[in-house]
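To keep things clear, I will list the structure first and then write my remarks on it.
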Amino acid sequence: MPEMITRSRRSAILTAAAVVAVAVHLMAVAVAVSETYFEPFNVTYDHRAILIGGERRMLISAGIHYPRATPQMWPSIIGNSKAAGANVVQTYVFWNGHEPSRGQYYFEERYDLVKFVKLVAEQGLYLHLRIGPYVCAEWNFGGFPVWLRDIPGIEFRTDNEPFKEEMEKFVKKIVDMMLEENLFSWQGGPIILAQIENEYGNIESSYGEGGKSYVKWAADMAVGLGAGVPWVMCQQSDAPENIINSCNGFYCDGFKPNSYRKPTLWTEDWNGWFAYWGGRVPHRPVKDNSFAVARFFQRGGSFHNYYMFFGGTNFGRTSGGPNYVTSYDYDAPIDEYGVITEPKWGHLRDLHTAIKLCEPALVTVDGSPQYVKLGPMQEAHIYASEYVNPNKTLPEDIDICSLFLANIDEQKTVSVRIFGRTYSLPPWSVSILPDCKAVAYNTAKVVAQTSIKSVESGSPPSYANATEHNYITLKDGNSYFTNNWLSYKEPMGAWGNNSFTAEGILEHLNVTKDVSDYLWYITRFNISDEDVEFWKENGTSPSLSIGKSRDVVRIFVNGHYAGSTVGDWVPVHQNIELVEGDNEVALLSVTVGLQNYGAFLEKDGAGFRGQIKLTGLKYGDLNISEFSWTYQVGLEGEYSQVYTHEGEKNANWNDIDLNTIASPFMWYKTSFDAPEGTDPVALDLGSMGKGQAWVNGHGIGRYWSLVAPKGGCSNYCDYRGAYHENKCSTNCGLPTQSWYHIPREWLKSSDNLLVLFEETGGDPTKISLKLHYTKTVCSQVSENDYPPLSAWSDQNILNGEVSVSSIPPQVYLHCDDGHAISSITFASYGTPSGSCQNFSQGRCHAANSLSIVTEACLGENNCRVTVSNSVFGDPCRGILKNLAIQVECSSMINDKLFVA
């Protein structure tokens, strides 16, 4: 085993005594490692950075949540993160997925944590393991198992013995599992950091002294488990000395840890935002995102993580809430299907390359970099091996020097002068100069391609066009779907012998234990002839009122639907029709994801609060809250598992009746063939109402065709100025989500079973499949844009034989893996105008543009075209020229292009 501590230059290494002592002990007793991915190394930190084997590193992390993808998707997602320049992967650990029942653990399929960690290691990346075990993450109940709230006397996330006992047991389980698999860095594994708790500082004050003592207990407990790597607490300004506190947010360049001896870490850079049913779809411009990251490293940051780099999908009932959508795309550089999103992926890849070019300088400066005020809102930070005078020419013999130039003005482009050179800075941007001379990258200048996908998250549903259903067809012209839809009616009210009767209103989760979204409340009462006459004489009708309800309540009276209310603890008032004599009221309480954020989660619950009354009666209101109520958990179809190949036999399926197709509480099923190739598959459920969907027994998630408000979106999103989650939205006037991801791994070549449970009524015959891939690729690069970043590693430049500034820029185009450029739809070197899917030639145009681009790109997965007169000739002397290209990508099947 190598020496545990390695001296690092002149810097004083904070050994994090407790961590190192444990690591030394564990190394002394460790058995021979049977499988290692790295030469074992120690991880410590000082005030400047995380130290890997004693060396400071600038770390860029990709947030990836393993349960939001399938194991078959993991290698590609990890690989595309690495290709974008990430050297770390970060993930939460999901307690409720791993311990669904108390003491019963699950680590298979999408929850195979060990497999995920090993795949990260196989690709040479490090891992930040955020055990929590509270995760938030827009995940059901914030990651807590619902059985936790049934433990007598428990209070979550405070100095409470029952909670601390269960929390320690689970955290220890995870740490021990990683130790047994030799996955910590000192064992030759990839794990370099661990996290305990999560954003607790946001709610700590709610718990008073109990919260403060809980923080100290959590820190001591975690460090004592023997992981042998540093522990982190995010958003925790009072984190103990042996724990690194870190920042979460859209911007963290002004963040400083609570001790000089700790490095500056950004554990969550929100490069997107989540969506909720009936809301707009948020987007964060990559120009702003890259500006925030560049500012963070410019001002002394050393570890940065994108939340999320891959967002993924909330399969089954895993989405939190209330009311978060099934897609967790998060506007991430890799979309929920695992397909790269451009220009976000490419522009951030270039940023990471530029930062890594600066890494020798960034880790050399032990204290603060040189700061130079260049204007009222312009500044420079210099990282150099020695002091340099910004008012003079840079010394030729300077060993190491990197320069960051920032313009935080939101409106003006400003020219600044430093080291005898002048630089133009666009508004709200950072320029990065790895050698303190030439600009390698500017956050506001995007040269990465733009990609248009076959299915966009905010695209309108296919049924919107009555003349075309957009079915993707096989080569023989047949639809993937058989169109042989069958259905059966879900019983309303109590359907099984597992129903029970109790006095009064029971809390929803106490009854369901979250095994289902659905809980029936049923009661009966008598209405006198006097009440009926009273309503006739006054022309009125009675009402049902509920103090408060969440998330959805559907009201049935005497077997007939009366109405619904949707909301998070909102009052309910519903006019109903009652008859003389016996009447039955059946309330269906529906959850749409359990609360995942805030204090006192164990007290939140679901269902109803307050009294349930009949109002408008002749002699006053009737409180029916204390009546006898019959309770039925879940749906008959859920209980019988009619969504599986075995369980579907338990239902009495009938041919679909087109006359009653909009009926609520219907189960539908059909079969379909899998599309050819390997492209991800999207299911259009925009014609349906609300419910859940399964493919071959796998829950692809909840669906709900709630429409976003018509206002609040814009065709243009100004990246300049501070971003917030409502700044740049799309999808106004459209359903928040229409397309749903079906992982390829869940499909067979034919006879795939699709089952839906529809709550409100929809038309399954208009459901369609579509392949999800990058269909159109565009790029526009100017001849005065920066050289490709790959030029910085050219040996001639490194030897000083060629100036990097003399290298012309390039257009780089790429299709998805397994695809190739099948046609060039636009190419012009000169003065083209417009943008992707709307290019047009200008007065200046090189006639050979199309032929040169065709020769370089047609039939290729990716290609580069140099933007230079030496390639195209000079079609118009003395005029700045651009190269604009648009191409189409098609899948390769059996080495042949296949155009769907």
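As shown in the structure tokens, the chain order sets the letters A, B, ...; within each chain, residues go from 1, and ligands are also counted from 1 in the order they appear.
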**Report entry** Filtered DSSP result for stretch 285-476 of chain A, state strand (DSSP E), as a PyMOL selection string
**Finding:** chain A and resi 303-310+370-375+378-384+401-407+414-418+421-425+429-433+441-442+450-453
Report task. Please provide the set of residues having any atom within 10 Å of A:Ile78, restricted to only C-alpha atoms, with same-chain residues fewer than 2 positions apart removed, written as JSON, numbers by chain. Result -> {"A": [62, 63, 64, 73, 74, 75, 76, 80, 81, 82, 83, 84, 86, 88, 89, 116, 119, 120, 121, 122, 123, 125, 309, 310, 338]}
**Report entry** Contacts of A:Arg877 at 12 Å (only C-alpha atoms; same-chain gap of 6+ positions) as a PyMOL selection string
**Finding:** chain A and resi 830-831+844-846+869
May I have the residues from that selection written out with all heavy atoms, as an mmCIF file, in the first residue's frame?
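Wrote it out as result_30.cif, contents follow:
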data_model
loop_
_atom_site.group_PDB
_atom_site.id
_atom_site.type_symbol
_atom_site.label_atom_id
_atom_site.label_comp_id
_atom_site.auth_asym_id
_atom_site.auth_seq_id
_atom_site.Cartn_x
_atom_site.Cartn_y
_atom_site.Cartn_z
ATOM 1 N N GLY A 830 -19.848 32.516 -46.081
ATOM 2 C CA GLY A 830 -20.019 33.881 -46.560
ATOM 3 C C GLY A 830 -20.751 34.695 -45.529
ATOM 4 O O GLY A 830 -20.282 34.849 -44.389
ATOM 5 N N THR A 831 -21.954 35.154 -45.877
ATOM 6 C CA THR A 831 -22.758 35.961 -44.946
ATOM 7 C C THR A 831 -24.168 35.377 -44.813
ATOM 8 O O THR A 831 -25.163 36.067 -45.072
ATOM 9 C CB THR A 831 -22.828 37.417 -45.419
ATOM 10 O OG1 THR A 831 -23.374 37.457 -46.753
ATOM 11 C CG2 THR A 831 -21.462 38.072 -45.389
ATOM 12 N N CYS A 844 -23.080 37.360 -49.973
ATOM 13 C CA CYS A 844 -21.749 36.754 -50.094
ATOM 14 C C CYS A 844 -21.877 35.254 -49.819
ATOM 15 O O CYS A 844 -22.317 34.847 -48.732
ATOM 16 C CB CYS A 844 -20.796 37.415 -49.106
ATOM 17 S SG CYS A 844 -19.183 36.617 -48.999
ATOM 18 N N HIS A 845 -21.523 34.432 -50.796
ATOM 19 C CA HIS A 845 -21.681 32.978 -50.646
ATOM 20 C C HIS A 845 -20.661 32.261 -51.518
ATOM 21 O O HIS A 845 -20.527 32.542 -52.720
ATOM 22 C CB HIS A 845 -23.097 32.562 -51.067
ATOM 23 C CG HIS A 845 -23.271 31.083 -51.232
ATOM 24 N ND1 HIS A 845 -23.247 30.202 -50.174
ATOM 25 C CD2 HIS A 845 -23.446 30.328 -52.365
ATOM 26 C CE1 HIS A 845 -23.414 28.961 -50.627
ATOM 27 N NE2 HIS A 845 -23.538 29.023 -51.951
ATOM 28 N N ALA A 846 -19.911 31.356 -50.902
ATOM 29 C CA ALA A 846 -18.951 30.545 -51.649
ATOM 30 C C ALA A 846 -19.693 29.418 -52.356
ATOM 31 O O ALA A 846 -20.355 28.593 -51.708
ATOM 32 C CB ALA A 846 -17.888 29.979 -50.717
ATOM 33 N N ASN A 869 -10.761 31.015 -45.469
ATOM 34 C CA ASN A 869 -10.662 31.245 -46.915
ATOM 35 C C ASN A 869 -9.788 30.195 -47.585
ATOM 36 O O ASN A 869 -9.961 29.894 -48.777
ATOM 37 C CB ASN A 869 -10.071 32.634 -47.187
ATOM 38 C CG ASN A 869 -11.022 33.754 -46.814
ATOM 39 O OD1 ASN A 869 -12.229 33.547 -46.740
ATOM 40 N ND2 ASN A 869 -10.479 34.940 -46.590
#
If you count only C-alpha atoms, which residues fall within 8 Å of stretch 668-678 of chain A, apart from same-chain ones fewer than 4 positions away, as a PDB file with N, CA and C atoms, in the first residue's frame?
ATOM      1  N   LEU A 474     -42.936   0.414 -39.389  1.00  0.00           N
ATOM      2  CA  LEU A 474     -41.887  -0.511 -39.780  1.00  0.00           C
ATOM      3  C   LEU A 474     -41.728  -0.477 -41.302  1.00  0.00           C
ATOM      4  N   TYR A 480     -46.659   0.113 -35.307  1.00  0.00           N
ATOM      5  CA  TYR A 480     -46.138  -0.681 -34.204  1.00  0.00           C
ATOM      6  C   TYR A 480     -47.277  -1.263 -33.383  1.00  0.00           C
ATOM      7  N   PHE A 481     -48.370  -0.494 -33.235  1.00  0.00           N
ATOM      8  CA  PHE A 481     -49.495  -0.945 -32.431  1.00  0.00           C
ATOM      9  C   PHE A 481     -50.417  -1.843 -33.234  1.00  0.00           C
ATOM     10  N   THR A 482     -50.984  -2.810 -32.541  1.00  0.00           N
ATOM     11  CA  THR A 482     -51.969  -3.661 -33.199  1.00  0.00           C
ATOM     12  C   THR A 482     -53.285  -2.921 -33.391  1.00  0.00           C
ATOM     13  N   ASN A 483     -53.483  -1.846 -32.592  1.00  0.00           N
ATOM     14  CA  ASN A 483     -54.758  -1.120 -32.547  1.00  0.00           C
ATOM     15  C   ASN A 483     -55.909  -2.001 -32.061  1.00  0.00           C
ATOM     16  N   ASN A 484     -55.572  -3.161 -31.514  1.00  0.00           N
ATOM     17  CA  ASN A 484     -56.579  -4.032 -30.910  1.00  0.00           C
ATOM     18  C   ASN A 484     -56.625  -3.721 -29.426  1.00  0.00           C
ATOM     19  N   TRP A 485     -57.262  -2.619 -29.078  1.00  0.00           N
ATOM     20  CA  TRP A 485     -57.326  -2.193 -27.684  1.00  0.00           C
ATOM     21  C   TRP A 485     -58.452  -2.929 -26.959  1.00  0.00           C
ATOM     22  N   LEU A 486     -58.135  -3.390 -25.754  1.00  0.00           N
ATOM     23  CA  LEU A 486     -59.130  -4.016 -24.887  1.00  0.00           C
ATOM     24  C   LEU A 486     -59.249  -3.190 -23.611  1.00  0.00           C
ATOM     25  N   SER A 487     -60.392  -3.308 -22.937  1.00  0.00           N
ATOM     26  CA  SER A 487     -60.610  -2.504 -21.733  1.00  0.00           C
ATOM     27  C   SER A 487     -61.453  -3.267 -20.730  1.00  0.00           C
ATOM     28  N   TYR A 488     -61.384  -2.809 -19.493  1.00  0.00           N
ATOM     29  CA  TYR A 488     -62.370  -3.236 -18.500  1.00  0.00           C
ATOM     30  C   TYR A 488     -62.491  -2.151 -17.452  1.00  0.00           C
ATOM     31  N   ARG A 744     -35.395   0.867 -23.750  1.00  0.00           N
ATOM     32  CA  ARG A 744     -35.248  -0.231 -24.701  1.00  0.00           C
ATOM     33  C   ARG A 744     -35.148  -1.581 -23.996  1.00  0.00           C
ATOM     34  N   LEU A 747     -38.214  -3.802 -23.568  1.00  0.00           N
ATOM     35  CA  LEU A 747     -38.964  -4.202 -24.753  1.00  0.00           C
ATOM     36  C   LEU A 747     -38.459  -5.518 -25.333  1.00  0.00           C
ATOM     37  N   LYS A 748     -39.394  -6.266 -25.896  1.00  0.00           N
ATOM     38  CA  LYS A 748     -39.087  -7.422 -26.730  1.00  0.00           C
ATOM     39  C   LYS A 748     -39.268  -7.002 -28.188  1.00  0.00           C
ATOM     40  N   SER A 749     -38.867  -7.845 -29.099  1.00  0.00           N
ATOM     41  CA  SER A 749     -39.009  -7.467 -30.507  1.00  0.00           C
ATOM     42  C   SER A 749     -40.473  -7.343 -30.909  1.00  0.00           C
ATOM     43  N   SER A 750     -41.344  -8.137 -30.277  1.00  0.00           N
ATOM     44  CA  SER A 750     -42.770  -8.072 -30.610  1.00  0.00           C
ATOM     45  C   SER A 750     -43.596  -8.476 -29.386  1.00  0.00           C
ATOM     46  N   ASP A 751     -44.899  -8.287 -29.493  1.00  0.00           N
ATOM     47  CA  ASP A 751     -45.845  -8.683 -28.446  1.00  0.00           C
ATOM     48  C   ASP A 751     -45.516  -8.040 -27.102  1.00  0.00           C
ATOM     49  N   ASN A 752     -45.218  -6.746 -27.133  1.00  0.00           N
ATOM     50  CA  ASN A 752     -45.024  -5.999 -25.892  1.00  0.00           C
ATOM     51  C   ASN A 752     -46.374  -5.567 -25.336  1.00  0.00           C
ATOM     52  N   LEU A 753     -46.536  -5.692 -24.029  1.00  0.00           N
ATOM     53  CA  LEU A 753     -47.801  -5.398 -23.379  1.00  0.00           C
ATOM     54  C   LEU A 753     -47.792  -3.979 -22.827  1.00  0.00           C
ATOM     55  N   LEU A 754     -48.719  -3.148 -23.311  1.00  0.00           N
ATOM     56  CA  LEU A 754     -48.925  -1.800 -22.782  1.00  0.00           C
ATOM     57  C   LEU A 754     -50.261  -1.776 -22.051  1.00  0.00           C
ATOM     58  N   VAL A 755     -50.213  -1.394 -20.770  1.00  0.00           N
ATOM     59  CA  VAL A 755     -51.431  -1.312 -19.954  1.00  0.00           C
ATOM     60  C   VAL A 755     -51.505   0.073 -19.333  1.00  0.00           C
ATOM     61  N   LEU A 756     -52.698   0.647 -19.370  1.00  0.00           N
ATOM     62  CA  LEU A 756     -52.937   1.961 -18.775  1.00  0.00           C
ATOM     63  C   LEU A 756     -54.089   1.876 -17.798  1.00  0.00           C
ATOM     64  N   PHE A 757     -53.976   2.608 -16.698  1.00  0.00           N
ATOM     65  CA  PHE A 757     -55.151   2.879 -15.881  1.00  0.00           C
ATOM     66  C   PHE A 757     -55.501   4.339 -16.049  1.00  0.00           C
ATOM     67  N   GLU A 758     -56.706   4.595 -16.526  1.00  0.00           N
ATOM     68  CA  GLU A 758     -57.159   5.952 -16.822  1.00  0.00           C
ATOM     69  C   GLU A 758     -58.210   6.397 -15.808  1.00  0.00           C
ATOM     70  N   PRO A 764     -57.319   6.040 -25.983  1.00  0.00           N
ATOM     71  CA  PRO A 764     -56.080   5.275 -26.191  1.00  0.00           C
ATOM     72  C   PRO A 764     -55.779   4.990 -27.654  1.00  0.00           C
ATOM     73  N   LEU A 771     -39.518   7.209 -32.161  1.00  0.00           N
ATOM     74  CA  LEU A 771     -38.110   7.083 -31.814  1.00  0.00           C
ATOM     75  C   LEU A 771     -37.569   8.449 -31.408  1.00  0.00           C
ATOM     76  N   GLY A 818     -24.452   5.528 -33.325  1.00  0.00           N
ATOM     77  CA  GLY A 818     -25.305   4.677 -34.144  1.00  0.00           C
ATOM     78  C   GLY A 818     -26.049   5.420 -35.235  1.00  0.00           C
ATOM     79  N   SER A 891     -30.444   6.881 -38.406  1.00  0.00           N
ATOM     80  CA  SER A 891     -29.856   5.743 -37.707  1.00  0.00           C
ATOM     81  C   SER A 891     -29.212   4.780 -38.688  1.00  0.00           C
ATOM     82  N   MET A 892     -28.201   4.092 -38.174  1.00  0.00           N
ATOM     83  CA  MET A 892     -27.522   3.048 -38.949  1.00  0.00           C
ATOM     84  C   MET A 892     -28.045   1.702 -38.457  1.00  0.00           C
ATOM     85  N   ILE A 893     -28.671   0.941 -39.326  1.00  0.00           N
ATOM     86  CA  ILE A 893     -29.143  -0.396 -38.993  1.00  0.00           C
ATOM     87  C   ILE A 893     -28.456  -1.368 -39.931  1.00  0.00           C
TER      88      ILE A 893
END
Report task. Just the residues within 8 Å of A:Leu578, please, counting only C-alpha atoms, with nothing from its chain fewer than 6 positions along; format it as a VMD selection string. Result -> chain A and resid 527 542 557 to 558
Take the residues from that selection and put them in a file with C-alpha atoms, as a PDB file, in the first residue's frame.
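Generated output (selection_8.pdb):
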ATOM      1  CA  ILE A 527     -81.783  11.812   4.002  1.00  0.00           C
ATOM      2  CA  PRO A 542     -76.796  20.250  -0.760  1.00  0.00           C
ATOM      3  CA  VAL A 557     -72.578  10.039  -4.826  1.00  0.00           C
ATOM      4  CA  ASN A 558     -74.796   6.996  -5.198  1.00  0.00           C
TER       5      ASN A 558
END
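Of the residues listed (A:Asn248, A:Thr776, A:Asn526, A:Ser327), A:Thr776 shows the shortest atom-to-atom separation from A:His814; distances use only C-alpha atoms.
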Just want the 9 Å neighbourhood of stretch 492-495 of chain A, counted on only C-alpha atoms, with same-chain residues fewer than 4 positions away dropped. Output as a compact mmCIF listing (two decimals) with C-alpha atoms, in the first residue's frame.
# COMPACT_ATOMS: atom_id res chain seq x y z
CA SER A 499 -61.50 -3.57 2.84
CA PHE A 500 -62.35 -2.63 6.43
CA TRP A 520 -61.40 4.85 -1.11
CA TYR A 521 -63.39 6.41 1.76
CA ILE A 522 -67.03 5.23 1.72
CA PHE A 556 -69.01 9.95 -6.13
CA GLY A 559 -72.46 5.60 -7.83
CA ALA A 586 -67.50 7.50 -1.94
CA LEU A 587 -64.39 9.66 -1.87
CA LEU A 588 -61.32 8.57 -3.80
CA THR A 630 -65.32 1.74 4.79
CA TYR A 631 -61.75 1.87 3.53
CA GLN A 632 -60.36 0.22 0.43
CA VAL A 633 -56.66 0.55 -0.39
CA LEU A 635 -57.30 -0.52 -7.22
CA GLU A 636 -58.51 -4.00 -8.03
CA PHE A 665 -61.77 4.44 -14.19
**Report entry** Which residue of A:Glu648, A:Asp159, A:Glu268, A:Glu490 approaches A:Ile60 most closely, using only C-alpha atoms
**Finding:**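 With only C-alpha atoms as the atom set, the closest residue is A:Glu268.
Interatomic distance, atom CA of A:Pro427 against atom CA of A:Ala448: 19.4 Å.
Of the listed residues A:Glu39, A:Tyr561, A:Ala406, A:Pro832, the one whose atoms come nearest to A:Gly188 is A:Glu39, with distances taken using only C-alpha atoms.
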Report task. Pull the alpha helix (DSSP H) assignments for stretch 456-598 of chain A out of DSSP run on the backbone, and list those residues as a VMD selection string. Result -> chain A and resid 508 to 512 529 to 538
Could you write out that same residue set with N, CA and C atoms as a tab-separated table (two decimals), in the first residue's frame?
chain	number	residue	atom	x	y	z
A	508	HIS	N	-54.60	9.23	5.28
A	508	HIS	CA	-54.38	8.45	4.06
A	508	HIS	C	-53.16	7.53	4.16
A	509	LEU	N	-51.98	8.08	4.50
A	509	LEU	CA	-50.77	7.27	4.50
A	509	LEU	C	-50.76	6.24	5.61
A	510	ASN	N	-51.43	6.55	6.72
A	510	ASN	CA	-51.52	5.56	7.79
A	510	ASN	C	-52.25	4.30	7.32
A	511	VAL	N	-53.11	4.46	6.33
A	511	VAL	CA	-53.88	3.33	5.81
A	511	VAL	C	-53.15	2.66	4.65
A	512	THR	N	-52.70	3.45	3.68
A	512	THR	CA	-52.14	2.86	2.45
A	512	THR	C	-50.69	2.42	2.62
A	529	ASP	N	-87.36	13.15	4.02
A	529	ASP	CA	-88.19	13.78	3.00
A	529	ASP	C	-88.26	15.29	3.22
A	530	GLU	N	-88.06	15.74	4.49
A	530	GLU	CA	-88.09	17.17	4.76
A	530	GLU	C	-86.93	17.89	4.06
A	531	ASP	N	-85.76	17.26	4.04
A	531	ASP	CA	-84.62	17.88	3.35
A	531	ASP	C	-84.89	17.97	1.86
A	532	VAL	N	-85.44	16.90	1.28
A	532	VAL	CA	-85.71	16.90	-0.15
A	532	VAL	C	-86.70	18.00	-0.51
A	533	GLU	N	-87.78	18.14	0.29
A	533	GLU	CA	-88.77	19.19	0.05
A	533	GLU	C	-88.15	20.58	0.23
A	534	PHE	N	-87.27	20.71	1.20
A	534	PHE	CA	-86.59	21.99	1.47
A	534	PHE	C	-85.78	22.42	0.24
A	535	TRP	N	-85.08	21.49	-0.39
A	535	TRP	CA	-84.28	21.83	-1.57
A	535	TRP	C	-85.18	22.21	-2.75
A	536	LYS	N	-86.31	21.49	-2.89
A	536	LYS	CA	-87.23	21.80	-4.00
A	536	LYS	C	-87.84	23.18	-3.83
A	537	GLU	N	-88.29	23.48	-2.62
A	537	GLU	CA	-88.95	24.76	-2.37
A	537	GLU	C	-88.01	25.95	-2.57
A	538	ASN	N	-86.74	25.76	-2.22
A	538	ASN	CA	-85.78	26.87	-2.28
A	538	ASN	C	-84.91	26.86	-3.53
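The protein and nucleic acid residues lying at most 8 Å from A:Gly697 are Tyr643, Thr644, His645 and Leu753 of chain A, with only C-alpha atoms considered and sequence neighbours fewer than 4 positions away removed.
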Resulting file, chosen residues, N, CA and C atoms, as a PDB file, in the first residue's frame:
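Final output, again.pdb:
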ATOM      1  N   TYR A 643     -51.298  -5.416 -15.163  1.00  0.00           N
ATOM      2  CA  TYR A 643     -50.334  -4.797 -16.068  1.00  0.00           C
ATOM      3  C   TYR A 643     -49.162  -5.730 -16.386  1.00  0.00           C
ATOM      4  N   THR A 644     -49.184  -6.941 -15.853  1.00  0.00           N
ATOM      5  CA  THR A 644     -48.141  -7.925 -16.157  1.00  0.00           C
ATOM      6  C   THR A 644     -48.698  -8.996 -17.092  1.00  0.00           C
ATOM      7  N   HIS A 645     -47.793  -9.734 -17.734  1.00  0.00           N
ATOM      8  CA  HIS A 645     -48.240 -10.783 -18.652  1.00  0.00           C
ATOM      9  C   HIS A 645     -49.009 -11.870 -17.912  1.00  0.00           C
ATOM     10  N   LEU A 753     -46.536  -5.692 -24.029  1.00  0.00           N
ATOM     11  CA  LEU A 753     -47.801  -5.398 -23.379  1.00  0.00           C
ATOM     12  C   LEU A 753     -47.792  -3.979 -22.827  1.00  0.00           C
TER      13      LEU A 753
END
Report summary line: If you count only C-alpha atoms, the residue of A:Tyr423, A:Tyr740, A:Tyr126, A:Tyr324 closest to A:Ala682 turns out to be A:Tyr740
Requested in this report: Tell me which of A:Gly686, A:Gly278, A:Lys618, A:Ala791 sits closest to A:Thr736, counting only C-alpha atoms.
Outcome: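 Of A:Gly686, A:Gly278, A:Lys618, A:Ala791, the one nearest A:Thr736 is A:Gly278, counting only C-alpha atoms.
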